[in-house]
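Source file: data-v2.cif (mmCIF, C-alpha atoms and all ligand atoms)
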data_data
#
loop_
_atom_site.group_PDB
_atom_site.id
_atom_site.type_symbol
_atom_site.label_atom_id
_atom_site.label_comp_id
_atom_site.auth_asym_id
_atom_site.auth_seq_id
_atom_site.Cartn_x
_atom_site.Cartn_y
_atom_site.Cartn_z
ATOM 1 C CA MET A 1097 -14.543 -3.230 -9.780
ATOM 2 C CA LYS A 1098 -11.143 -4.806 -9.177
ATOM 3 C CA ILE A 1099 -8.333 -3.504 -11.361
ATOM 4 C CA ALA A 1100 -5.090 -5.424 -11.893
ATOM 5 C CA SER A 1101 -1.757 -4.123 -13.099
ATOM 6 C CA PHE A 1102 0.328 -6.962 -14.518
ATOM 7 C CA ASN A 1103 3.217 -8.099 -16.738
ATOM 8 C CA ASP A 1104 4.619 -5.078 -18.615
ATOM 9 C CA HIS A 1105 2.055 -2.695 -17.087
ATOM 10 C CA ARG A 1106 -0.980 -4.239 -18.734
ATOM 11 C CA VAL A 1107 -4.290 -3.288 -17.104
ATOM 12 C CA GLY A 1108 -6.933 -5.877 -16.330
ATOM 13 C CA ILE A 1109 -10.341 -6.224 -14.780
ATOM 14 C CA VAL A 1110 -10.614 -9.003 -12.231
ATOM 15 C CA SER A 1111 -13.598 -11.269 -11.728
ATOM 16 C CA GLU A 1112 -14.172 -14.723 -10.264
ATOM 17 C CA ASP A 1113 -12.950 -16.497 -13.390
ATOM 18 C CA GLY A 1114 -9.774 -14.471 -13.912
ATOM 19 C CA ILE A 1115 -8.208 -11.269 -15.203
ATOM 20 C CA ARG A 1116 -9.413 -9.726 -18.459
ATOM 21 C CA ASP A 1117 -6.890 -7.546 -20.282
ATOM 22 C CA VAL A 1118 -8.493 -4.157 -21.011
ATOM 23 C CA THR A 1119 -5.300 -2.272 -21.903
ATOM 24 C CA ASN A 1120 -6.688 -1.570 -25.375
ATOM 25 C CA ALA A 1121 -9.432 0.572 -23.838
ATOM 26 C CA LEU A 1122 -6.742 3.092 -22.863
ATOM 27 C CA PRO A 1123 -5.211 5.639 -25.276
ATOM 28 C CA ASP A 1124 -2.280 4.491 -27.425
ATOM 29 C CA PHE A 1125 0.041 7.225 -26.182
ATOM 30 C CA LEU A 1126 0.205 5.475 -22.814
ATOM 31 C CA SER A 1127 2.307 2.728 -24.418
ATOM 32 C CA GLN A 1128 5.105 5.337 -24.289
ATOM 33 C CA LEU A 1129 4.785 5.551 -20.508
ATOM 34 C CA PRO A 1130 2.984 2.359 -19.503
ATOM 35 C CA TRP A 1131 3.665 2.763 -15.756
ATOM 36 C CA GLN A 1132 1.327 5.782 -15.916
ATOM 37 C CA ARG A 1133 -1.660 3.772 -17.122
ATOM 38 C CA ILE A 1134 -3.304 3.436 -13.705
ATOM 39 C CA ASN A 1135 -2.827 7.135 -12.900
ATOM 40 C CA TRP A 1136 -4.425 8.062 -16.232
ATOM 41 C CA LEU A 1137 -7.262 5.585 -15.705
ATOM 42 C CA ILE A 1138 -7.990 7.049 -12.254
ATOM 43 C CA SER A 1139 -7.903 10.627 -13.595
ATOM 44 C CA HIS A 1140 -10.291 9.774 -16.443
ATOM 45 C CA TRP A 1141 -12.446 7.162 -14.730
ATOM 46 C CA PRO A 1142 -15.974 8.356 -15.597
ATOM 47 C CA GLN A 1143 -15.038 8.721 -19.288
ATOM 48 C CA VAL A 1144 -13.006 5.508 -19.622
ATOM 49 C CA LYS A 1145 -15.092 3.146 -17.492
ATOM 50 C CA PRO A 1146 -17.639 2.302 -20.254
ATOM 51 C CA ALA A 1147 -14.839 1.506 -22.724
ATOM 52 C CA ILE A 1148 -13.120 -0.705 -20.157
ATOM 53 C CA GLU A 1149 -16.346 -2.577 -19.494
ATOM 54 C CA ALA A 1150 -16.909 -3.028 -23.238
ATOM 55 C CA VAL A 1151 -13.414 -4.438 -23.843
ATOM 56 C CA ALA A 1152 -13.789 -6.702 -20.803
ATOM 57 C CA THR A 1153 -16.838 -8.393 -22.334
ATOM 58 C CA THR A 1154 -14.765 -9.593 -25.295
ATOM 59 C CA ALA A 1155 -11.504 -10.468 -23.491
ATOM 60 C CA ALA A 1156 -10.721 -14.019 -22.378
ATOM 61 C CA PRO A 1157 -10.040 -14.435 -18.655
ATOM 62 C CA VAL A 1158 -6.520 -15.383 -17.604
ATOM 63 C CA ALA A 1159 -5.715 -17.012 -14.260
ATOM 64 C CA PRO A 1160 -4.016 -14.593 -11.817
ATOM 65 C CA GLN A 1161 -1.305 -17.236 -11.282
ATOM 66 C CA ALA A 1162 -0.444 -17.032 -14.990
ATOM 67 C CA VAL A 1163 0.567 -13.369 -14.865
ATOM 68 C CA LYS A 1164 3.087 -11.317 -12.922
ATOM 69 C CA LEU A 1165 1.098 -8.940 -10.772
ATOM 70 C CA LEU A 1166 2.556 -5.484 -10.288
ATOM 71 C CA ALA A 1167 1.739 -3.091 -7.457
ATOM 72 C CA ALA A 1168 -1.899 -1.980 -7.535
ATOM 73 C CA ASN A 1169 -0.642 1.392 -8.789
ATOM 74 C CA PRO A 1170 2.939 0.855 -9.948
ATOM 75 C CA GLY A 1171 3.287 4.538 -10.901
ATOM 76 C CA ALA A 1172 1.912 6.021 -7.691
ATOM 77 C CA PRO A 1173 3.088 9.642 -7.582
ATOM 78 C CA HIS A 1174 3.552 9.500 -3.797
ATOM 79 C CA ILE A 1175 3.083 7.165 -0.878
ATOM 80 C CA TYR A 1176 2.065 9.076 2.236
ATOM 81 C CA ALA A 1177 1.928 7.133 5.465
ATOM 82 C CA ALA A 1178 0.527 7.496 8.950
ATOM 83 C CA PRO A 1179 2.728 6.664 11.940
ATOM 84 C CA ALA A 1180 1.223 5.481 15.235
ATOM 85 C CA ASN A 1181 -2.406 5.169 14.206
ATOM 86 C CA TYR A 1182 -3.677 2.243 16.308
ATOM 87 C CA ARG A 1183 -3.646 2.730 20.094
ATOM 88 C CA LYS A 1184 -2.396 -0.769 20.927
ATOM 89 C CA HIS A 1185 0.551 -0.455 18.507
ATOM 90 C CA ILE A 1186 1.817 2.617 20.354
ATOM 91 C CA GLY A 1187 4.406 1.447 22.868
ATOM 92 C CA GLU A 1188 4.806 -2.124 21.611
ATOM 93 C CA LEU A 1189 8.205 -1.405 20.035
ATOM 94 C CA GLY A 1190 9.832 -0.362 23.325
ATOM 95 C CA GLU A 1191 13.336 1.009 22.753
ATOM 96 C CA ARG A 1192 12.894 0.640 18.988
ATOM 97 C CA ALA A 1193 10.063 3.180 18.920
ATOM 98 C CA VAL A 1194 10.664 6.599 17.435
ATOM 99 C CA THR A 1195 7.299 7.847 18.662
ATOM 100 C CA THR A 1196 7.423 8.995 22.255
ATOM 101 C CA GLY A 1197 4.899 10.141 24.803
ATOM 102 C CA GLY A 1198 2.009 8.182 23.320
ATOM 103 C CA ARG A 1199 1.663 10.621 20.425
ATOM 104 C CA SER A 1200 -0.399 9.417 17.495
ATOM 105 C CA ALA A 1201 -0.617 10.358 13.818
ATOM 106 C CA ARG A 1202 -2.957 13.168 14.882
ATOM 107 C CA GLU A 1203 -0.062 14.939 16.626
ATOM 108 C CA GLN A 1204 2.794 13.734 14.385
ATOM 109 C CA GLY A 1205 1.271 14.145 10.941
ATOM 110 C CA PHE A 1206 2.609 11.905 8.208
ATOM 111 C CA PHE A 1207 5.778 10.670 6.509
ATOM 112 C CA LEU A 1208 6.655 9.438 3.011
ATOM 113 C CA LYS A 1209 7.664 6.058 1.666
ATOM 114 C CA ALA A 1210 9.383 6.089 -1.731
ATOM 115 C CA PRO A 1211 7.266 4.818 -4.649
ATOM 116 C CA ALA A 1212 10.489 3.080 -5.792
ATOM 117 C CA SER A 1213 9.808 0.570 -3.003
ATOM 118 C CA LEU A 1214 6.515 -0.725 -4.488
ATOM 119 C CA LEU A 1215 6.058 -4.468 -5.097
ATOM 120 C CA GLY A 1216 3.221 -6.556 -6.526
ATOM 121 C CA SER A 1217 1.360 -9.467 -4.982
ATOM 122 C CA GLY A 1218 3.344 -12.695 -5.259
ATOM 123 C CA GLY A 1219 6.605 -10.763 -5.421
ATOM 124 C CA THR A 1220 9.656 -11.157 -3.227
ATOM 125 C CA LEU A 1221 10.609 -8.663 -0.551
ATOM 126 C CA LEU A 1222 14.388 -8.491 -0.400
ATOM 127 C CA LEU A 1223 16.238 -7.916 2.858
ATOM 128 C CA PRO A 1224 19.819 -6.626 2.793
ATOM 129 C CA LYS A 1225 22.318 -9.482 2.526
ATOM 130 C CA HIS A 1226 23.982 -10.531 5.795
ATOM 131 C CA THR A 1227 21.945 -8.067 7.817
ATOM 132 C CA LEU A 1228 21.792 -8.176 11.601
ATOM 133 C CA ARG A 1229 19.008 -5.594 11.723
ATOM 134 C CA ARG A 1230 15.354 -6.306 12.464
ATOM 135 C CA PHE A 1231 12.943 -5.940 9.526
ATOM 136 C CA ASP A 1232 9.247 -5.888 10.366
ATOM 137 C CA HIS A 1233 5.912 -6.337 8.637
ATOM 138 C CA GLU A 1234 3.172 -3.762 9.163
ATOM 139 C CA SER A 1235 -0.355 -4.659 7.973
ATOM 140 C CA GLU A 1236 -2.132 -1.626 6.534
ATOM 141 C CA LEU A 1237 -5.188 -0.552 4.583
ATOM 142 C CA ALA A 1238 -4.076 1.520 1.589
ATOM 143 C CA VAL A 1239 -6.208 4.341 0.198
ATOM 144 C CA ILE A 1240 -5.781 5.360 -3.448
ATOM 145 C CA ILE A 1241 -6.720 8.963 -4.149
ATOM 146 C CA GLY A 1242 -9.149 9.588 -7.024
ATOM 147 C CA ARG A 1243 -8.931 13.301 -7.676
ATOM 148 C CA THR A 1244 -6.930 16.382 -6.822
ATOM 149 C CA ALA A 1245 -7.483 17.218 -3.179
ATOM 150 C CA ARG A 1246 -6.435 20.370 -1.339
ATOM 151 C CA ASN A 1247 -7.945 21.582 1.940
ATOM 152 C CA VAL A 1248 -10.653 18.953 1.894
ATOM 153 C CA PRO A 1249 -12.701 18.789 5.108
ATOM 154 C CA ARG A 1250 -13.159 15.317 6.545
ATOM 155 C CA ASP A 1251 -16.906 15.222 5.895
ATOM 156 C CA GLN A 1252 -16.193 15.412 2.150
ATOM 157 C CA ALA A 1253 -12.932 13.478 2.121
ATOM 158 C CA LEU A 1254 -14.228 10.063 1.065
ATOM 159 C CA ASP A 1255 -15.486 11.635 -2.178
ATOM 160 C CA TYR A 1256 -11.799 11.948 -3.115
ATOM 161 C CA VAL A 1257 -11.044 8.247 -2.713
ATOM 162 C CA PHE A 1258 -10.784 6.127 -5.843
ATOM 163 C CA GLY A 1259 -10.256 2.831 -4.102
ATOM 164 C CA TYR A 1260 -8.361 0.659 -1.683
ATOM 165 C CA SER A 1261 -5.721 -2.022 -1.593
ATOM 166 C CA CYS A 1262 -3.688 -4.047 0.912
ATOM 167 C CA LEU A 1263 -0.285 -2.633 1.869
ATOM 168 C CA ILE A 1264 2.587 -4.153 3.813
ATOM 169 C CA ASP A 1265 4.785 -1.401 5.213
ATOM 170 C CA GLY A 1266 8.193 -3.088 5.300
ATOM 171 C CA THR A 1267 10.319 -1.415 7.935
ATOM 172 C CA MET A 1268 13.913 -1.562 9.160
ATOM 173 C CA ARG A 1269 13.797 -0.903 12.901
ATOM 174 C CA ILE A 1270 16.097 1.487 14.662
ATOM 175 C CA GLU A 1271 18.627 0.208 17.175
ATOM 176 C CA LYS A 1272 19.369 2.722 19.870
ATOM 177 C CA GLY A 1273 22.896 4.054 19.543
ATOM 178 C CA THR A 1274 23.875 2.184 16.382
ATOM 179 C CA GLY A 1275 21.117 2.558 13.803
ATOM 180 C CA GLU A 1276 18.750 5.481 14.135
ATOM 181 C CA GLU A 1277 17.967 6.304 10.516
ATOM 182 C CA GLU A 1278 14.930 8.337 9.535
ATOM 183 C CA ARG A 1279 11.638 6.613 8.706
ATOM 184 C CA THR A 1280 11.693 7.467 5.010
ATOM 185 C CA MET A 1281 14.947 5.616 4.429
ATOM 186 C CA ARG A 1282 14.148 2.686 6.689
ATOM 187 C CA LYS A 1283 10.857 2.079 4.880
ATOM 188 C CA SER A 1284 12.004 2.701 1.301
ATOM 189 C CA PHE A 1285 14.304 -0.178 0.412
ATOM 190 C CA ASP A 1286 13.392 -1.651 -2.994
ATOM 191 C CA THR A 1287 10.410 -4.046 -2.568
ATOM 192 C CA PHE A 1288 9.479 -2.759 0.926
ATOM 193 C CA THR A 1289 5.991 -1.617 -0.120
ATOM 194 C CA PRO A 1290 3.909 -4.540 -1.374
ATOM 195 C CA LEU A 1291 0.590 -3.099 -2.620
ATOM 196 C CA GLY A 1292 -2.167 -5.337 -3.940
ATOM 197 C CA PRO A 1293 -3.306 -7.727 -5.083
ATOM 198 C CA TYR A 1294 -5.656 -5.338 -6.894
ATOM 199 C CA LEU A 1295 -7.009 -1.821 -6.795
ATOM 200 C CA VAL A 1296 -10.594 -2.172 -5.545
ATOM 201 C CA THR A 1297 -12.898 0.724 -6.344
ATOM 202 C CA ALA A 1298 -14.443 2.520 -3.383
ATOM 203 C CA ASP A 1299 -18.015 1.472 -4.261
ATOM 204 C CA GLU A 1300 -17.053 -2.188 -3.691
ATOM 205 C CA VAL A 1301 -15.588 -1.478 -0.265
ATOM 206 C CA GLY A 1302 -18.064 0.976 1.225
ATOM 207 C CA ASN A 1303 -17.155 2.234 4.700
ATOM 208 C CA PRO A 1304 -13.353 2.072 5.110
ATOM 209 C CA GLY A 1305 -13.799 2.399 8.873
ATOM 210 C CA ASN A 1306 -15.060 -1.120 9.530
ATOM 211 C CA LEU A 1307 -12.761 -3.629 7.820
ATOM 212 C CA TYR A 1308 -10.965 -6.570 9.405
ATOM 213 C CA ASN A 1309 -7.224 -6.382 8.795
ATOM 214 C CA ARG A 1310 -5.119 -9.492 9.370
ATOM 215 C CA LEU A 1311 -1.563 -10.557 8.612
ATOM 216 C CA TRP A 1312 0.113 -13.953 8.789
ATOM 217 C CA VAL A 1313 3.780 -14.901 8.667
ATOM 218 C CA ASN A 1314 3.758 -18.445 7.307
ATOM 219 C CA ASP A 1315 0.840 -19.951 9.258
ATOM 220 C CA ASP A 1316 1.106 -17.662 12.301
ATOM 221 C CA LEU A 1317 -1.550 -14.995 12.642
ATOM 222 C CA ARG A 1318 0.566 -12.011 13.736
ATOM 223 C CA GLN A 1319 -1.732 -9.021 13.313
ATOM 224 C CA GLN A 1320 -5.479 -8.808 13.742
ATOM 225 C CA ALA A 1321 -7.471 -5.604 14.037
ATOM 226 C CA ASN A 1322 -10.330 -3.651 12.522
ATOM 227 C CA THR A 1323 -10.012 -0.283 10.834
ATOM 228 C CA SER A 1324 -12.668 0.922 13.306
ATOM 229 C CA GLU A 1325 -9.698 1.113 15.717
ATOM 230 C CA LEU A 1326 -7.836 3.684 13.591
ATOM 231 C CA ILE A 1327 -7.071 6.738 15.731
ATOM 232 C CA VAL A 1328 -7.066 9.037 12.691
ATOM 233 C CA SER A 1329 -9.705 7.806 10.248
ATOM 234 C CA VAL A 1330 -9.272 7.630 6.487
ATOM 235 C CA ALA A 1331 -11.336 10.812 6.141
ATOM 236 C CA GLU A 1332 -9.319 12.676 8.769
ATOM 237 C CA LEU A 1333 -6.033 11.517 7.174
ATOM 238 C CA ILE A 1334 -7.156 13.058 3.872
ATOM 239 C CA GLU A 1335 -8.164 16.251 5.693
ATOM 240 C CA MET A 1336 -4.779 16.404 7.434
ATOM 241 C CA MET A 1337 -2.640 15.604 4.389
ATOM 242 C CA SER A 1338 -4.598 17.843 2.023
ATOM 243 C CA SER A 1339 -4.268 20.701 4.505
ATOM 244 C CA VAL A 1340 -0.493 20.525 3.887
ATOM 245 C CA LEU A 1341 -0.222 19.684 0.194
ATOM 246 C CA THR A 1342 -2.175 18.751 -2.910
ATOM 247 C CA LEU A 1343 -3.056 15.073 -3.109
ATOM 248 C CA GLN A 1344 -2.973 13.787 -6.683
ATOM 249 C CA PRO A 1345 -4.948 11.066 -8.451
ATOM 250 C CA GLY A 1346 -3.114 7.797 -7.873
ATOM 251 C CA ASP A 1347 -1.424 8.862 -4.645
ATOM 252 C CA VAL A 1348 -1.367 6.136 -2.015
ATOM 253 C CA ILE A 1349 -2.016 6.601 1.692
ATOM 254 C CA ALA A 1350 -0.788 3.882 4.074
ATOM 255 C CA THR A 1351 -3.149 4.263 7.007
ATOM 256 C CA GLY A 1352 -0.925 2.792 9.733
ATOM 257 C CA THR A 1353 -0.347 -0.541 11.394
ATOM 258 C CA PRO A 1354 -2.153 -2.191 14.274
ATOM 259 C CA GLU A 1355 -0.281 -4.028 17.028
ATOM 260 C CA GLY A 1356 1.530 -7.287 16.392
ATOM 261 C CA VAL A 1357 4.342 -5.979 14.193
ATOM 262 C CA GLY A 1358 7.293 -8.350 14.147
ATOM 263 C CA PRO A 1359 10.201 -9.628 12.125
ATOM 264 C CA MET A 1360 10.213 -11.071 8.608
ATOM 265 C CA LEU A 1361 13.043 -13.475 7.788
ATOM 266 C CA PRO A 1362 14.351 -14.964 4.542
ATOM 267 C CA GLY A 1363 12.154 -17.910 3.564
ATOM 268 C CA ASP A 1364 9.027 -16.476 5.175
ATOM 269 C CA THR A 1365 5.745 -15.999 3.355
ATOM 270 C CA VAL A 1366 3.763 -12.988 4.523
ATOM 271 C CA ARG A 1367 0.054 -12.755 3.796
ATOM 272 C CA ILE A 1368 -2.186 -9.757 4.409
ATOM 273 C CA GLU A 1369 -5.955 -9.921 4.146
ATOM 274 C CA ILE A 1370 -8.316 -6.974 4.424
ATOM 275 C CA GLU A 1371 -12.037 -7.519 4.402
ATOM 276 C CA ARG A 1372 -13.669 -6.602 1.071
ATOM 277 C CA VAL A 1373 -10.272 -5.452 -0.272
ATOM 278 C CA GLY A 1374 -8.487 -8.751 -0.830
ATOM 279 C CA SER A 1375 -5.589 -10.944 0.140
ATOM 280 C CA MET A 1376 -1.966 -10.638 -0.939
ATOM 281 C CA SER A 1377 0.995 -12.928 -0.288
ATOM 282 C CA ILE A 1378 4.657 -12.106 -0.712
ATOM 283 C CA ASN A 1379 7.858 -14.045 -0.166
ATOM 284 C CA VAL A 1380 10.825 -12.806 1.839
ATOM 285 C CA ALA A 1381 14.390 -13.446 0.708
ATOM 286 C CA GLU A 1382 17.870 -12.062 1.078
ATOM 287 C CA HIS A 1383 19.186 -9.733 -1.612
ATOM 288 C CA ALA A 1384 21.714 -11.364 -3.924
ATOM 289 C CA ASP A 1385 24.282 -8.582 -3.536
ATOM 290 C CA VAL A 1386 26.103 -7.219 -0.533
ATOM 291 C CA SER A 1387 25.458 -3.484 -0.486
ATOM 292 C CA PRO A 1388 28.502 -1.199 -0.273
ATOM 293 C CA ARG A 1389 27.031 0.158 2.943
ATOM 294 C CA ALA A 1390 25.970 -2.434 5.493
ATOM 295 C CA TYR A 1391 22.563 -2.487 7.220
HETATM 296 MN MN MN B 1 3.391 1.737 8.904
#

Spell out the structure here as structure tokens.
Amino acid sequence: MKIASFNDHRVGIVSEDGIRDVTNALPDFLSQLPWQRINWLISHWPQVKPAIEAVATTAAPVAPQAVKLLAANPGAPHIYAAPANYRKHIGELGERAVTTGGRSAREQGFFLKAPASLLGSGGTLLLPKHTLRRFDHESELAVIIGRTARNVPRDQALDYVFGYSCLIDGTMRIEKGTGEEERTMRKSFDTFTPLGPYLVTADEVGNPGNLYNRLWVNDDLRQQANTSELIVSVAELIEMMSSVLTLQPGDVIATGTPEGVGPMLPGDTVRIEIERVGSMSINVAEHADVSPRAY
């Protein structure tokens, strides 16, 4: 099943002929905190799925272009992310790399991106106005956690996955000597985490370790890889993260970028496509306001 979050946090089921609004299958109290609808749906999936399917049979389909898509989980409690998780990406940033000595996510662990940076498919990623810094795209498979996970061994880890989505990890690069901010800040500007277009349930995707992952800037194919090349697999990422903290339903894991990262500029259109997960396009523009601190 493909689940859409759209407009003012409506929830829809996506099929070939459009999006069917199934928000009424969810409890009324969620209208008081609509951004939590997807988290609640994930937490109560076995119970709520039949009601969602029933409402979907009576709802009229709406074209995806006719709605404003939100991030696949706009209320994600956390976004955990893997650094350096494709061998050929390690080293390609030269002086701009913060990872040294060829270390991968297996040695480094993980970092966080702020959920405040989430963006939906078709949205606009905003770069700081008048910036001279380099802002890159990173093309990543996103994992959405389905149930509370703590100390989960990798051979059971995929049981804790609710689904998948496409994620662009927008990143401000460091500049040696002048801009050496930490990852969390560089990757957490508003709009720097496009996630979508939909949340695709795990049964539709199957093995997350054999999916083509591609990204285009305008018509240029910039990134092309397969998740079979992940150094730390989806299952091992869940083992690693859950050995540190408790993963919650709705949490997002950005699994890391393959090689080919490069700049995004105002006016660009960036498109990510992951096999069996979907395709999402976003626009890049300059923020309307000059920030009081320059980047
Ligand atoms: Mn990344």

* Tell me, as a count of residues only, which residues lie within 7 Å of stretch 1290-1304 of chain A, counting only C-alpha atoms; anything in the same chain fewer than 6 positions away does not count. => 23

* To do: Using all atoms listed in the file, find each residue with an atom at most 7 Å away from ligand MN 1 (chain B) and format the answer as number ranges by chain.
  => A: 1177-1179, 1234, 1236, 1265, 1350, 1352-1353

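The two atoms in question, atom CA of A:Asn1135 and atom CA of A:Ser1213, are spaced 17.3 Å apart.
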
* Picked residues, the PyMOL selection byres (((chain A and resi 1287) around 12) and not hetatm), expected as a VMD selection string -> chain A and resid 1166 to 1167 1170 1209 to 1224 1263 to 1267 1283 to 1286 1288 to 1291 1378 to 1383

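Atom CA of A:Val1366 is found 22.5 Å from atom CA of A:Asp1385.
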
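With atom CA of A:Leu1129 on one side and atom CA of A:Gly1171 on the other, the separation reads 9.8 Å.
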
* To do: Taking the file as shown, find all residues satisfying the PyMOL selection byres (((chain A and resi 1255) around 10) and not hetatm) and write them as JSON, numbers by chain.
  => {"A": [1241, 1242, 1243, 1245, 1248, 1250, 1251, 1252, 1253, 1254, 1256, 1257, 1258, 1298, 1331]}

Would you mind putting back all heavy atoms on stretch 1317-1325 of chain A, then writing it out as a PDB file, in the frame of the given file?
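Writing the result to result.pdb gives the following:
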ATOM      1  N   LEU A1317      -0.809 -16.263  12.694  1.00  0.00           N
ATOM      2  CA  LEU A1317      -1.550 -14.995  12.642  1.00  0.00           C
ATOM      3  C   LEU A1317      -0.836 -14.004  13.548  1.00  0.00           C
ATOM      4  O   LEU A1317      -0.775 -14.186  14.759  1.00  0.00           O
ATOM      5  CB  LEU A1317      -2.991 -15.215  13.116  1.00  0.00           C
ATOM      6  CG  LEU A1317      -3.886 -13.980  13.143  1.00  0.00           C
ATOM      7  CD1 LEU A1317      -4.058 -13.370  11.762  1.00  0.00           C
ATOM      8  CD2 LEU A1317      -5.263 -14.345  13.732  1.00  0.00           C
ATOM      9  N   ARG A1318      -0.250 -12.951  12.957  1.00  0.00           N
ATOM     10  CA  ARG A1318       0.566 -12.011  13.736  1.00  0.00           C
ATOM     11  C   ARG A1318      -0.184 -10.701  14.041  1.00  0.00           C
ATOM     12  O   ARG A1318       0.079 -10.061  15.041  1.00  0.00           O
ATOM     13  CB  ARG A1318       1.849 -11.666  12.966  1.00  0.00           C
ATOM     14  CG  ARG A1318       2.797 -12.839  12.770  1.00  0.00           C
ATOM     15  CD  ARG A1318       3.669 -13.049  13.981  1.00  0.00           C
ATOM     16  NE  ARG A1318       4.596 -14.153  13.786  1.00  0.00           N
ATOM     17  CZ  ARG A1318       5.804 -14.021  13.212  1.00  0.00           C
ATOM     18  NH1 ARG A1318       6.209 -12.842  12.760  1.00  0.00           N
ATOM     19  NH2 ARG A1318       6.592 -15.069  13.098  1.00  0.00           N
ATOM     20  N   GLN A1319      -1.042 -10.290  13.124  1.00  0.00           N
ATOM     21  CA  GLN A1319      -1.732  -9.021  13.313  1.00  0.00           C
ATOM     22  C   GLN A1319      -3.208  -9.219  13.018  1.00  0.00           C
ATOM     23  O   GLN A1319      -3.570  -9.903  12.055  1.00  0.00           O
ATOM     24  CB  GLN A1319      -1.152  -7.938  12.397  1.00  0.00           C
ATOM     25  CG  GLN A1319       0.315  -7.676  12.676  1.00  0.00           C
ATOM     26  CD  GLN A1319       0.813  -6.405  12.005  1.00  0.00           C
ATOM     27  OE1 GLN A1319       1.471  -6.463  10.984  1.00  0.00           O
ATOM     28  NE2 GLN A1319       0.473  -5.256  12.575  1.00  0.00           N
ATOM     29  N   GLN A1320      -4.032  -8.627  13.861  1.00  0.00           N
ATOM     30  CA  GLN A1320      -5.479  -8.808  13.742  1.00  0.00           C
ATOM     31  C   GLN A1320      -6.127  -7.575  14.354  1.00  0.00           C
ATOM     32  O   GLN A1320      -5.937  -7.304  15.537  1.00  0.00           O
ATOM     33  CB  GLN A1320      -5.880 -10.062  14.509  1.00  0.00           C
ATOM     34  CG  GLN A1320      -7.334 -10.412  14.391  1.00  0.00           C
ATOM     35  CD  GLN A1320      -7.631 -11.763  15.034  1.00  0.00           C
ATOM     36  OE1 GLN A1320      -6.860 -12.250  15.861  1.00  0.00           O
ATOM     37  NE2 GLN A1320      -8.746 -12.349  14.687  1.00  0.00           N
ATOM     38  N   ALA A1321      -6.850  -6.833  13.539  1.00  0.00           N
ATOM     39  CA  ALA A1321      -7.471  -5.604  14.037  1.00  0.00           C
ATOM     40  C   ALA A1321      -8.622  -5.257  13.105  1.00  0.00           C
ATOM     41  O   ALA A1321      -8.925  -5.984  12.158  1.00  0.00           O
ATOM     42  CB  ALA A1321      -6.456  -4.473  14.069  1.00  0.00           C
ATOM     43  N   ASN A1322      -9.272  -4.157  13.391  1.00  0.00           N
ATOM     44  CA  ASN A1322     -10.330  -3.651  12.522  1.00  0.00           C
ATOM     45  C   ASN A1322     -10.039  -2.172  12.309  1.00  0.00           C
ATOM     46  O   ASN A1322      -9.576  -1.481  13.230  1.00  0.00           O
ATOM     47  CB  ASN A1322     -11.694  -3.856  13.181  1.00  0.00           C
ATOM     48  CG  ASN A1322     -12.840  -3.549  12.225  1.00  0.00           C
ATOM     49  OD1 ASN A1322     -13.065  -2.390  11.851  1.00  0.00           O
ATOM     50  ND2 ASN A1322     -13.566  -4.575  11.819  1.00  0.00           N
ATOM     51  N   THR A1323     -10.295  -1.693  11.105  1.00  0.00           N
ATOM     52  CA  THR A1323     -10.012  -0.283  10.834  1.00  0.00           C
ATOM     53  C   THR A1323     -10.898   0.648  11.669  1.00  0.00           C
ATOM     54  O   THR A1323     -10.643   1.853  11.715  1.00  0.00           O
ATOM     55  CB  THR A1323     -10.173   0.047   9.340  1.00  0.00           C
ATOM     56  OG1 THR A1323     -11.494  -0.352   8.921  1.00  0.00           O
ATOM     57  CG2 THR A1323      -9.135  -0.676   8.493  1.00  0.00           C
ATOM     58  N   SER A1324     -11.897   0.098  12.359  1.00  0.00           N
ATOM     59  CA  SER A1324     -12.668   0.922  13.306  1.00  0.00           C
ATOM     60  C   SER A1324     -11.782   1.394  14.453  1.00  0.00           C
ATOM     61  O   SER A1324     -12.119   2.349  15.152  1.00  0.00           O
ATOM     62  CB  SER A1324     -13.858   0.133  13.863  1.00  0.00           C
ATOM     63  OG  SER A1324     -13.398  -1.005  14.570  1.00  0.00           O
ATOM     64  N   GLU A1325     -10.624   0.735  14.640  1.00  0.00           N
ATOM     65  CA  GLU A1325      -9.698   1.113  15.717  1.00  0.00           C
ATOM     66  C   GLU A1325      -8.702   2.183  15.280  1.00  0.00           C
ATOM     67  O   GLU A1325      -7.849   2.595  16.079  1.00  0.00           O
ATOM     68  CB  GLU A1325      -8.935  -0.123  16.202  1.00  0.00           C
ATOM     69  CG  GLU A1325      -9.834  -1.225  16.761  1.00  0.00           C
ATOM     70  CD  GLU A1325      -9.092  -2.557  16.881  1.00  0.00           C
ATOM     71  OE1 GLU A1325      -8.093  -2.610  17.620  1.00  0.00           O
ATOM     72  OE2 GLU A1325      -9.502  -3.533  16.221  1.00  0.00           O
TER      73      GLU A1325
END
